[in-house]
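Student: Below: one structure in structure tokens.
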Amino acid sequence: MDLNLDGRVALVAGSSRGIGRACAACLYAEGASVVLTGRSAETLEPAVAAIGGQNAARVLAIVGDLASPEGITAALSTTIDRFGRLDIVICCIGDGRGRPGWDQGATVWTDTFEKNLWPAVRLSEQAIPFLAGKSSSIVLVGSIAGRERLGPVPYGTAKAALAAYATRLAEQVAPLGIRVTCVEPGNILVSDGRWEERIRSEPDVVKAMLEHDVPQRRLGTPEEVADVICFLASDRASFMTATRVVVDGGQTHD
């Protein structure tokens with residue numbers, strides 16, 4: 001399916017690795033110009049080279065912290081200066097690490113929301129003026145931990161808040177021509193990520209979890225999630241907004 005993204009400009013926050021990098025590659029392959037962001041040039045540069053090796057004019061790399069208001073402002077300004085427009089915003093910033101238990105403390109709660117909710121809110125609010133007035137979209141990447149009893153309590157709560165924000169924001173910005181969706185991945189195998197660590201350290205535990213909890217009995221790939229995100233970001237999904245889309249191999253129960 002042609003997603004009709006020729007001439008569109010997409011900013012993918014958190015795209016030096018994992019799902020964000022896969023999103024940038026998918027958007028680029030579909031004809032969009034893409035802006036990749038990351039806090040480290042060491043990880044961002046290989047991603048840019050792999051994606052835009054054939055046409056670097058359609059790829060922009062921005063090293064910076066897009067969890068901060070200042071980093072977001074700078075990235076949006078650089079994007080507009082380079083491409084003159086912005087059509088798609090995808091936020092892949094988050095961190096699911098944490099510890100079990102109910103007694104987390106204020107510092108953990110604050111830090112978890114700072115990593116998993118506020119970057120998406122700040123990016124959306126700053127990007128909306130650039131997206132308004134044309135067919136555009138925002139896709140926020142959450143987690144099935146936001147709907148299932150999975151993972152650390154603060155993380156799941158932050159992702160539930162992210163999904164609620166996406167659906168409510170969509171109602172507010174629909175008159176501006178902006179669609180907002182939330183994609184909730186399950187267990188995704190990312191190079192040097194948490195699941196790769198667990199496979200090395202406790203392979204039997206991972207195998208048992210997959211056989212018991214995931215009907216497809218496997219981990220997902222960043223590309224499988226990215227394909228869904230890119231479809232939602234495109235006009236092919238023009239009647240989809242204010243919704244949560246699960247990509248998890250059947251793990252969730254609702």
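Please note that chains go A, B, ... in the order of the structure tokens, that every chain numbers its residues from 1, and that ligands are numbered from 1 in the order shown.
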Which neighbours of A:Val48 fall inside 12 Å, counting only C-alpha atoms, when residues of the same chain fewer than 4 positions from it are skipped, and could you give them as a ChimeraX atom specification?
Tutor: /A:15-17,20-22,24-25,28,33-38,41-44,52-63
Student: Just the selected residues (C-alpha atoms), exported as a tab-separated table (two decimals), in the first residue's frame, please.
Tutor:
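Listed below is the output, again_26.tsv:
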chain	number	residue	atom	x	y	z
A	15	SER	CA	14.75	7.75	16.74
A	16	SER	CA	18.36	6.70	17.17
A	17	ARG	CA	17.31	3.10	17.92
A	20	GLY	CA	11.72	5.26	16.62
A	21	ARG	CA	14.50	4.33	14.23
A	22	ALA	CA	12.23	1.83	12.50
A	24	ALA	CA	12.05	6.91	10.53
A	25	ALA	CA	13.16	4.18	8.09
A	28	TYR	CA	11.68	7.56	4.51
A	33	SER	CA	11.50	13.64	4.60
A	34	VAL	CA	12.40	12.60	8.13
A	35	VAL	CA	13.90	14.30	11.15
A	36	LEU	CA	15.68	11.93	13.51
A	37	THR	CA	16.50	12.98	17.05
A	38	GLY	CA	18.57	11.55	19.86
A	41	ALA	CA	25.55	11.71	18.11
A	42	GLU	CA	27.29	8.37	18.57
A	43	THR	CA	24.01	6.47	18.21
A	44	LEU	CA	22.19	8.93	15.97
A	52	GLY	CA	19.34	8.25	4.31
A	53	GLY	CA	22.32	6.82	2.54
A	54	GLN	CA	20.68	7.20	-0.86
A	55	ASN	CA	19.27	10.69	-0.45
A	56	ALA	CA	20.64	12.65	2.49
A	57	ALA	CA	18.63	15.70	1.39
A	58	ARG	CA	15.52	14.05	2.86
A	59	VAL	CA	17.09	13.30	6.24
A	60	LEU	CA	17.91	15.67	9.08
A	61	ALA	CA	19.61	14.63	12.32
A	62	ILE	CA	19.18	16.68	15.47
A	63	VAL	CA	21.22	15.87	18.55
Student: Need to verify the contact set: stretch 83-92 of chain A, 7 Å, only C-alpha atoms, exclusion of same-chain residues closer than 4 positions in sequence. Can you return it as a PyMOL selection string?
Tutor: chain A and resi 8-14+20+79+120+130-131+136-141+233
Student: Atom CA of A:Leu210 to atom CA of A:Gly250: how many Å, to one decimal?
Tutor: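 Atom CA of A:Gly250 lies at a distance of 10.8 Å from atom CA of A:Leu210.
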Student: Where does DSSP see helix (DSSP H, G or I) in stretch 10-244 of chain A, if you list the residues as an NGL selection string?
Tutor: :A and (18-29 or 41-52 or 56-58 or 69-83 or 106-116 or 118-131 or 144-146 or 153-176 or 194-201 or 203-213 or 222-233 or 235-237)
Student: Tell me, in Å to one decimal, how far atom CA of A:Val121 is from atom CA of A:Ala49.
Tutor: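 If I compute the distance from atom CA of A:Val121 to atom CA of A:Ala49, I get 29.5 Å.
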Student: Go through A:Ala208, A:Ala237, A:Val245, A:Leu169 and flag the residue nearest A:Met1, using only C-alpha atoms for the distances.
Tutor: A:Ala237
Student: Apply DSSP to the structure's backbone, then extract all residues of stretch 45-228 of chain A labelled strand (DSSP E or B) and return them as number ranges by chain.
Tutor: A: 59-63, 88-91, 136-141, 178-185, 188, 220
Student: Which residue gives the smallest distance to A:Val228 among A:Ile72, A:Val214, A:Val183, A:Ile51, with only C-alpha atoms counted?
Tutor: A:Val183
Student: Counting only C-alpha atoms, which of A:Ile128, A:Ala163, A:Val225, A:Ile144 gets nearest to A:Gly96?
Tutor: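 Nearest to A:Gly96: A:Ile144.
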Student: Which residues of stretch 32-102 of chain A have any atom within 9 Å of an atom in stretch 153-160 of chain A when counting only C-alpha atoms, and what is the closest pair of atoms for each, with the distance in Å to one decimal? Order the rows by chain and rising number and write it as CSV.
Tutor:
residue,atom,partner,partner_atom,distance
A:Asp95,CA,A:Tyr155,CA,8.0
A:Gly96,CA,A:Tyr155,CA,6.1
A:Arg97,CA,A:Tyr155,CA,7.9
A:Gly98,CA,A:Tyr155,CA,7.6
A:Arg99,CA,A:Val153,CA,8.6
A:Pro100,CA,A:Val153,CA,7.3
A:Gly101,CA,A:Val153,CA,7.4
A:Trp102,CA,A:Val153,CA,7.0
Student: Find, counting only C-alpha atoms, the residue in A:Leu162, A:Leu27, A:Leu123, A:Ala32 that gets nearest to A:Asp65.
Tutor: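 Smallest separation from A:Asp65 among the options: A:Leu123.
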Student: Just want the 9 Å neighbourhood of A:Gly133, counted on only C-alpha atoms, with same-chain residues fewer than 3 positions away dropped. Output as a list in words.
Tutor: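 Final neighbour list, sorted by chain and number: Pro129, Phe130, Ser136, Pro175, Leu176, Gly177 and Ile178 of chain A.
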